[in-house]
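Visitor: Below you'll find the structure I mean.
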Amino acid sequence: MSGAAHLDFRSDTRTAPDAVMRRAMAAARVGDDAYGDDPTVGRLESEGARLLGTEAAVLLPSSTMSNLVAVLAAAPAEGTPLIAGRATHIAHFEAAAMRRFARTPVTAVRQDSDGMLDAEPVRQALTTGDRHVVCMENTVMLCEGNALPPSSQTELAVLVEHHGAHLHLDGARLANAAVAHGRPVSDMTAGAHSVTFCLAKGLGAPVGSLLGGSAEFVDRARGLRLDLGGTMHQSGVLAAAGLEALQRVPHLADDHALAELLATELDRVEGADVPAPSRRTNIVTVRLPGMPEQLLRQRLADRGVLVLPLFDGYVRFVVHREHDEASVAGAAAALVHAGERERGPRRSPSVLRSEGAM
């Protein structure tokens with residue numbers, strides 16, 4: 001592990017394929033997935049569908065494309081309205097693409113502090129007479145990576161089904177949610193008509209996302225993937241990495257434990273505000289009151305710790321398989337340094353811990 005890698009908390013996409021994954025990629029049997037005859041892709045899609053509890057699945061280059069294809073495949077006509085929570089990745093970062101490529105107007109509705117959609121505005125939107133696509137997210141990145149339980153989408157699924165709408169689950173980190181609740185991934189997809197599942201985040205594959213759903217839905221999605229230029233050829237090389245990634249779902253528990261340690265250490269820093277989600281996964285957010293998020297990001301970067309700025313002063317740490325306890329110590333020390341420039345010298349978190357402070 002290099003010093004740069006173990007202090008890079010920008011995203012769990014920052015992981016690189018390890019030696020085991022690279023050997024699997026080198027040994028992969030390949031065909032041409034444009035013709036549907038790449039055996040390793042076929043195996044990944046089959047095993048992915050089984051993991052997700054869906055009839056079928058299709059491999060796409062990214063979760064962003066997977067979400068777009070899901071909406072296009074679910075929409076009966078151009079301009080089908082889309083409903084998503086205000087704090088979802090789709091509403092914040094993908095809405096412009098939805099409007100541009102799917103001609104889909106996006107309605108952002110309230111979510112509670114855990115990230116669950118407020119059912120009432122969804123119900124009101126669904127009564128307009130149009131067939132809608134409703135999108136939820138798990139884990140909820142902008143709600144400190146909170147893992148929603150399977151029961152949280154039951155009411156929403158019933159409501160969506162009653163109005164003949166389509167429920168899409170953006171499960172880019174769904175494996176984290178499953179591990180956090182000690183449930184199979186398939187339990188987390190109950191009631192959803194389609195689901196995105198990323199292979200390139202905490203699971204460590206270099207690229208790729210699965211889109212699961214009914215066989216008919218996936219057939220439409222496969223055609224749309226071709227239309228958008230997302231069909232790959234000897235992609236069994238990438239699928240081999242995806243198959244290895246699927247074996248690593250249980251290992252995400254190590255990331256969650258390390259993220260909990262990171263939250264504890266950051267919270268020891270004087271003045272630090274570290275929100276605690278109901279069910280933490282691998283994301284920790286922090287702010288120093290009065291310090292803009294871009295300034296905090298820069299001060300952490302000055303100490304070699306890389307994070308992403310969010311809003312309202314918060315920055316995001318995402319823990320992944322290339323981090324360890326030394327990474328946590330480095331992050332906490334960097335946050336102390338960032339605060340010192342505002343209020344003067346301060347003892348390190350390790351000193352505070354040894355004295356039993358807080």
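So you can find residues: chains in the structure tokens are A, B, ... in the order shown, residues in each start at 1, and ligands are numbered from 1 in order.
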Once DSSP has gone over the backbone, tell me which residues of region 201-264 of chain A are in helix (DSSP H, G or I), as a ChimeraX atom specification.
Guide: /A:215-227,236-246,249-264
Visitor: Quick one: pick out all strand (DSSP E) residues within region 126-317 of chain A from a backbone DSSP run and write them as number ranges by chain.
Guide: A: 133-137, 166-171, 194-198, 209-213, 283-286, 308-309, 315-317
Visitor: Using only C-alpha atoms, which residue out of A:Glu137, A:Glu155, A:Glu78, A:Glu325 lies closest to Arg103 (chain A)?
Guide: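 That would be A:Glu78, the residue with the smallest distance to Arg103 (chain A).
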Visitor: Pick the closest to Ala253 (chain A) from A:Val237, A:Ala97, A:Ala180, A:Cys198: which is it, counting only C-alpha atoms?
Guide: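 Of all the options, A:Ala180 lies closest to Ala253 (chain A).
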Visitor: Do you know which residues are at most 7 Å from Ser327 (chain A) counting only C-alpha atoms, after dropping those on the same chain fewer than 3 positions away, and could you put them as a ChimeraX atom specification?
Guide: /A:6-7,323-324,330-331
Visitor: Now that the selection is made, can you save its residues with C-alpha atoms as a compact mmCIF listing (two decimals), in the first residue's frame?
Guide:
# COMPACT_ATOMS: atom_id res chain seq x y z
CA HIS A 6 -3.91 4.86 1.92
CA LEU A 7 -4.74 8.55 2.45
CA HIS A 323 -7.24 1.66 3.91
CA ASP A 324 -6.09 0.50 7.34
CA GLY A 330 -3.37 10.03 9.21
CA ALA A 331 -6.85 11.38 8.49
Visitor: Using only C-alpha atoms for the distances, tell me which of A:Ser214, A:Thr264, A:Ser209, A:Thr104 is nearest to Ile90 (chain A).
Guide: A:Thr104
Visitor: Please list as a list in words every residue within 7 Å of region 158-175 of chain A, counting only C-alpha atoms and excluding residues in the same chain fewer than 3 positions away.
Guide: Ser63, Asn67, Ala74, Leu126, Arg131, His132, Val133, Val134, Cys135, Met136, Glu137, Asn138, Thr139, Thr154, Glu155, Ala178, Val179, Val185, Ala192, His193, Ser194, Val195, Thr196, Phe197, Cys198 and Val249 of chain A
Visitor: For the residues in the current selection, export N, CA and C atoms as a PDB file, in the first residue's frame.
Guide:
ATOM      1  N   SER A  63     -22.433   2.707 -13.339  1.00  0.00           N
ATOM      2  CA  SER A  63     -23.731   2.816 -12.671  1.00  0.00           C
ATOM      3  C   SER A  63     -24.522   4.008 -13.193  1.00  0.00           C
ATOM      4  N   ASN A  67     -28.270   3.516 -14.529  1.00  0.00           N
ATOM      5  CA  ASN A  67     -29.465   4.251 -14.097  1.00  0.00           C
ATOM      6  C   ASN A  67     -30.189   4.869 -15.291  1.00  0.00           C
ATOM      7  N   ALA A  74     -37.678   1.577 -18.616  1.00  0.00           N
ATOM      8  CA  ALA A  74     -38.920   1.559 -17.841  1.00  0.00           C
ATOM      9  C   ALA A  74     -39.963   2.519 -18.382  1.00  0.00           C
ATOM     10  N   LEU A 126     -47.819  10.734  -8.100  1.00  0.00           N
ATOM     11  CA  LEU A 126     -48.291   9.577  -8.855  1.00  0.00           C
ATOM     12  C   LEU A 126     -49.754   9.692  -9.272  1.00  0.00           C
ATOM     13  N   ARG A 131     -47.716   7.710 -16.218  1.00  0.00           N
ATOM     14  CA  ARG A 131     -46.965   6.608 -15.644  1.00  0.00           C
ATOM     15  C   ARG A 131     -45.586   7.142 -15.263  1.00  0.00           C
ATOM     16  N   HIS A 132     -45.184   6.894 -14.048  1.00  0.00           N
ATOM     17  CA  HIS A 132     -43.938   7.445 -13.540  1.00  0.00           C
ATOM     18  C   HIS A 132     -42.878   6.356 -13.359  1.00  0.00           C
ATOM     19  N   VAL A 133     -41.641   6.821 -13.262  1.00  0.00           N
ATOM     20  CA  VAL A 133     -40.543   6.006 -12.753  1.00  0.00           C
ATOM     21  C   VAL A 133     -40.149   6.616 -11.409  1.00  0.00           C
ATOM     22  N   VAL A 134     -40.107   5.789 -10.375  1.00  0.00           N
ATOM     23  CA  VAL A 134     -39.728   6.237  -9.032  1.00  0.00           C
ATOM     24  C   VAL A 134     -38.377   5.622  -8.706  1.00  0.00           C
ATOM     25  N   CYS A 135     -37.432   6.453  -8.274  1.00  0.00           N
ATOM     26  CA  CYS A 135     -36.080   5.976  -7.977  1.00  0.00           C
ATOM     27  C   CYS A 135     -35.765   6.167  -6.507  1.00  0.00           C
ATOM     28  N   MET A 136     -35.272   5.122  -5.870  1.00  0.00           N
ATOM     29  CA  MET A 136     -34.730   5.249  -4.521  1.00  0.00           C
ATOM     30  C   MET A 136     -33.280   4.774  -4.529  1.00  0.00           C
ATOM     31  N   GLU A 137     -32.580   5.058  -3.448  1.00  0.00           N
ATOM     32  CA  GLU A 137     -31.141   4.773  -3.388  1.00  0.00           C
ATOM     33  C   GLU A 137     -30.819   4.059  -2.084  1.00  0.00           C
ATOM     34  N   ASN A 138     -29.917   3.085  -2.151  1.00  0.00           N
ATOM     35  CA  ASN A 138     -29.453   2.373  -0.957  1.00  0.00           C
ATOM     36  C   ASN A 138     -28.086   1.758  -1.266  1.00  0.00           C
ATOM     37  N   THR A 139     -27.022   2.193  -0.543  1.00  0.00           N
ATOM     38  CA  THR A 139     -27.028   3.141   0.556  1.00  0.00           C
ATOM     39  C   THR A 139     -27.258   4.556   0.037  1.00  0.00           C
ATOM     40  N   THR A 154     -40.801  -1.263   1.531  1.00  0.00           N
ATOM     41  CA  THR A 154     -42.041  -2.024   1.380  1.00  0.00           C
ATOM     42  C   THR A 154     -43.222  -1.110   1.086  1.00  0.00           C
ATOM     43  N   GLU A 155     -43.399  -0.070   1.909  1.00  0.00           N
ATOM     44  CA  GLU A 155     -44.522   0.854   1.704  1.00  0.00           C
ATOM     45  C   GLU A 155     -44.418   1.538   0.349  1.00  0.00           C
ATOM     46  N   ALA A 178     -26.484  -4.454   2.297  1.00  0.00           N
ATOM     47  CA  ALA A 178     -26.758  -5.836   2.673  1.00  0.00           C
ATOM     48  C   ALA A 178     -25.856  -6.290   3.812  1.00  0.00           C
ATOM     49  N   VAL A 179     -24.577  -5.980   3.709  1.00  0.00           N
ATOM     50  CA  VAL A 179     -23.627  -6.380   4.747  1.00  0.00           C
ATOM     51  C   VAL A 179     -23.945  -5.666   6.067  1.00  0.00           C
ATOM     52  N   VAL A 185     -28.030  -9.935  -0.461  1.00  0.00           N
ATOM     53  CA  VAL A 185     -28.291  -8.803  -1.350  1.00  0.00           C
ATOM     54  C   VAL A 185     -29.696  -8.895  -1.933  1.00  0.00           C
ATOM     55  N   ALA A 192     -38.551  -3.903  -5.877  1.00  0.00           N
ATOM     56  CA  ALA A 192     -38.025  -3.070  -6.964  1.00  0.00           C
ATOM     57  C   ALA A 192     -38.186  -3.800  -8.296  1.00  0.00           C
ATOM     58  N   HIS A 193     -38.510  -3.051  -9.332  1.00  0.00           N
ATOM     59  CA  HIS A 193     -38.636  -3.629 -10.670  1.00  0.00           C
ATOM     60  C   HIS A 193     -37.289  -3.713 -11.388  1.00  0.00           C
ATOM     61  N   SER A 194     -36.354  -2.871 -10.979  1.00  0.00           N
ATOM     62  CA  SER A 194     -35.011  -2.903 -11.551  1.00  0.00           C
ATOM     63  C   SER A 194     -34.030  -2.415 -10.501  1.00  0.00           C
ATOM     64  N   VAL A 195     -32.778  -2.819 -10.658  1.00  0.00           N
ATOM     65  CA  VAL A 195     -31.760  -2.450  -9.670  1.00  0.00           C
ATOM     66  C   VAL A 195     -30.402  -2.308 -10.347  1.00  0.00           C
ATOM     67  N   THR A 196     -29.702  -1.241  -9.971  1.00  0.00           N
ATOM     68  CA  THR A 196     -28.320  -1.023 -10.379  1.00  0.00           C
ATOM     69  C   THR A 196     -27.406  -1.530  -9.268  1.00  0.00           C
ATOM     70  N   PHE A 197     -26.332  -2.224  -9.647  1.00  0.00           N
ATOM     71  CA  PHE A 197     -25.398  -2.795  -8.668  1.00  0.00           C
ATOM     72  C   PHE A 197     -23.986  -2.578  -9.182  1.00  0.00           C
ATOM     73  N   CYS A 198     -23.217  -1.756  -8.481  1.00  0.00           N
ATOM     74  CA  CYS A 198     -21.877  -1.386  -8.951  1.00  0.00           C
ATOM     75  C   CYS A 198     -20.834  -2.422  -8.529  1.00  0.00           C
ATOM     76  N   VAL A 249     -18.144  -9.506  -1.394  1.00  0.00           N
ATOM     77  CA  VAL A 249     -19.208  -8.804  -0.678  1.00  0.00           C
ATOM     78  C   VAL A 249     -19.043  -8.908   0.835  1.00  0.00           C
TER      79      VAL A 249
END
Visitor: Using only C-alpha atoms, determine which residues lie at most 7 Å from region 261-263 of chain A, disregarding the query and same-chain residues fewer than 5 positions distant; provide the list as a ChimeraX atom specification.
Guide: /A:274,284,328
Visitor: Using C-alpha atoms, can you write the selected residues to a file as a PDB file, in the first residue's frame?
Guide:
ATOM      1  CA  VAL A 274     -19.400  14.104  12.551  1.00  0.00           C
ATOM      2  CA  VAL A 284     -18.019   9.413   7.043  1.00  0.00           C
ATOM      3  CA  VAL A 328      -7.422   6.519   9.994  1.00  0.00           C
TER       4      VAL A 328
END
Visitor: Find the residues near Gly223 (chain A): any atom within 12 Å, counting only C-alpha atoms, skip ones fewer than 4 places away on the same chain, and give them as a PDB file with N, CA, C and O atoms, in the first residue's frame.
Guide:
ATOM      1  N   ALA A  34     -20.846  -8.175 -28.063  1.00  0.00           N
ATOM      2  CA  ALA A  34     -21.764  -7.547 -29.009  1.00  0.00           C
ATOM      3  C   ALA A  34     -22.609  -8.606 -29.721  1.00  0.00           C
ATOM      4  O   ALA A  34     -23.732  -8.342 -30.151  1.00  0.00           O
ATOM      5  N   TYR A  35     -22.054  -9.826 -29.831  1.00  0.00           N
ATOM      6  CA  TYR A  35     -22.776 -10.939 -30.453  1.00  0.00           C
ATOM      7  C   TYR A  35     -23.364 -11.885 -29.402  1.00  0.00           C
ATOM      8  O   TYR A  35     -23.931 -12.927 -29.763  1.00  0.00           O
ATOM      9  N   GLY A  36     -23.174 -11.540 -28.128  1.00  0.00           N
ATOM     10  CA  GLY A  36     -23.742 -12.348 -27.056  1.00  0.00           C
ATOM     11  C   GLY A  36     -23.036 -13.654 -26.805  1.00  0.00           C
ATOM     12  O   GLY A  36     -23.624 -14.578 -26.222  1.00  0.00           O
ATOM     13  N   VAL A  58     -27.712  -7.430 -16.917  1.00  0.00           N
ATOM     14  CA  VAL A  58     -26.859  -7.070 -18.043  1.00  0.00           C
ATOM     15  C   VAL A  58     -25.707  -6.225 -17.526  1.00  0.00           C
ATOM     16  O   VAL A  58     -25.878  -5.400 -16.622  1.00  0.00           O
ATOM     17  N   LEU A  60     -23.037  -3.295 -17.738  1.00  0.00           N
ATOM     18  CA  LEU A  60     -22.834  -1.985 -18.358  1.00  0.00           C
ATOM     19  C   LEU A  60     -21.530  -1.377 -17.835  1.00  0.00           C
ATOM     20  O   LEU A  60     -21.011  -1.794 -16.795  1.00  0.00           O
ATOM     21  N   VAL A  69     -30.110   3.855 -18.474  1.00  0.00           N
ATOM     22  CA  VAL A  69     -30.714   2.774 -19.243  1.00  0.00           C
ATOM     23  C   VAL A  69     -31.955   2.244 -18.527  1.00  0.00           C
ATOM     24  O   VAL A  69     -32.976   1.936 -19.169  1.00  0.00           O
ATOM     25  N   ALA A  70     -31.904   2.150 -17.197  1.00  0.00           N
ATOM     26  CA  ALA A  70     -33.060   1.674 -16.440  1.00  0.00           C
ATOM     27  C   ALA A  70     -34.265   2.571 -16.652  1.00  0.00           C
ATOM     28  O   ALA A  70     -35.392   2.099 -16.871  1.00  0.00           O
ATOM     29  N   LEU A  72     -34.790   4.679 -19.189  1.00  0.00           N
ATOM     30  CA  LEU A  72     -35.215   4.564 -20.587  1.00  0.00           C
ATOM     31  C   LEU A  72     -35.992   3.271 -20.823  1.00  0.00           C
ATOM     32  O   LEU A  72     -36.993   3.250 -21.538  1.00  0.00           O
ATOM     33  N   ALA A  73     -35.530   2.175 -20.228  1.00  0.00           N
ATOM     34  CA  ALA A  73     -36.191   0.891 -20.420  1.00  0.00           C
ATOM     35  C   ALA A  73     -37.535   0.828 -19.714  1.00  0.00           C
ATOM     36  O   ALA A  73     -38.440   0.118 -20.150  1.00  0.00           O
ATOM     37  N   GLU A 216     -37.676  -9.612 -19.677  1.00  0.00           N
ATOM     38  CA  GLU A 216     -38.148  -8.676 -20.702  1.00  0.00           C
ATOM     39  C   GLU A 216     -37.507  -7.306 -20.539  1.00  0.00           C
ATOM     40  O   GLU A 216     -37.075  -6.674 -21.516  1.00  0.00           O
ATOM     41  N   PHE A 217     -37.426  -6.837 -19.286  1.00  0.00           N
ATOM     42  CA  PHE A 217     -36.812  -5.537 -19.009  1.00  0.00           C
ATOM     43  C   PHE A 217     -35.346  -5.542 -19.431  1.00  0.00           C
ATOM     44  O   PHE A 217     -34.855  -4.599 -20.060  1.00  0.00           O
ATOM     45  N   VAL A 218     -34.631  -6.597 -19.068  1.00  0.00           N
ATOM     46  CA  VAL A 218     -33.199  -6.670 -19.387  1.00  0.00           C
ATOM     47  C   VAL A 218     -32.980  -6.759 -20.893  1.00  0.00           C
ATOM     48  O   VAL A 218     -32.007  -6.197 -21.419  1.00  0.00           O
ATOM     49  N   ASP A 219     -33.865  -7.415 -21.612  1.00  0.00           N
ATOM     50  CA  ASP A 219     -33.749  -7.428 -23.074  1.00  0.00           C
ATOM     51  C   ASP A 219     -33.837  -6.011 -23.643  1.00  0.00           C
ATOM     52  O   ASP A 219     -33.069  -5.632 -24.539  1.00  0.00           O
ATOM     53  N   ASP A 227     -27.650   1.147 -28.219  1.00  0.00           N
ATOM     54  CA  ASP A 227     -27.967   2.465 -28.771  1.00  0.00           C
ATOM     55  C   ASP A 227     -27.075   3.555 -28.182  1.00  0.00           C
ATOM     56  O   ASP A 227     -26.722   4.521 -28.866  1.00  0.00           O
ATOM     57  N   LEU A 228     -26.730   3.420 -26.899  1.00  0.00           N
ATOM     58  CA  LEU A 228     -25.928   4.436 -26.216  1.00  0.00           C
ATOM     59  C   LEU A 228     -24.426   4.219 -26.374  1.00  0.00           C
ATOM     60  O   LEU A 228     -23.633   4.990 -25.840  1.00  0.00           O
ATOM     61  N   GLY A 229     -24.050   3.184 -27.104  1.00  0.00           N
ATOM     62  CA  GLY A 229     -22.621   2.935 -27.296  1.00  0.00           C
ATOM     63  C   GLY A 229     -21.969   2.243 -26.123  1.00  0.00           C
ATOM     64  O   GLY A 229     -20.745   2.294 -25.974  1.00  0.00           O
ATOM     65  N   GLY A 230     -22.760   1.562 -25.282  1.00  0.00           N
ATOM     66  CA  GLY A 230     -22.212   0.906 -24.105  1.00  0.00           C
ATOM     67  C   GLY A 230     -21.898  -0.562 -24.287  1.00  0.00           C
ATOM     68  O   GLY A 230     -21.421  -1.211 -23.356  1.00  0.00           O
ATOM     69  N   THR A 231     -22.145  -1.096 -25.489  1.00  0.00           N
ATOM     70  CA  THR A 231     -21.820  -2.499 -25.741  1.00  0.00           C
ATOM     71  C   THR A 231     -20.309  -2.637 -25.902  1.00  0.00           C
ATOM     72  O   THR A 231     -19.674  -1.871 -26.623  1.00  0.00           O
TER      73      THR A 231
END
Visitor: Name the residues in contact with region 303-317 of chain A at a cut-off of 7 Å, using only C-alpha atoms, excluding same-chain residues fewer than 3 positions from it; report them as a ChimeraX atom specification.
Guide: /A:7-10,283-287,291-294,297,299-300,331,334
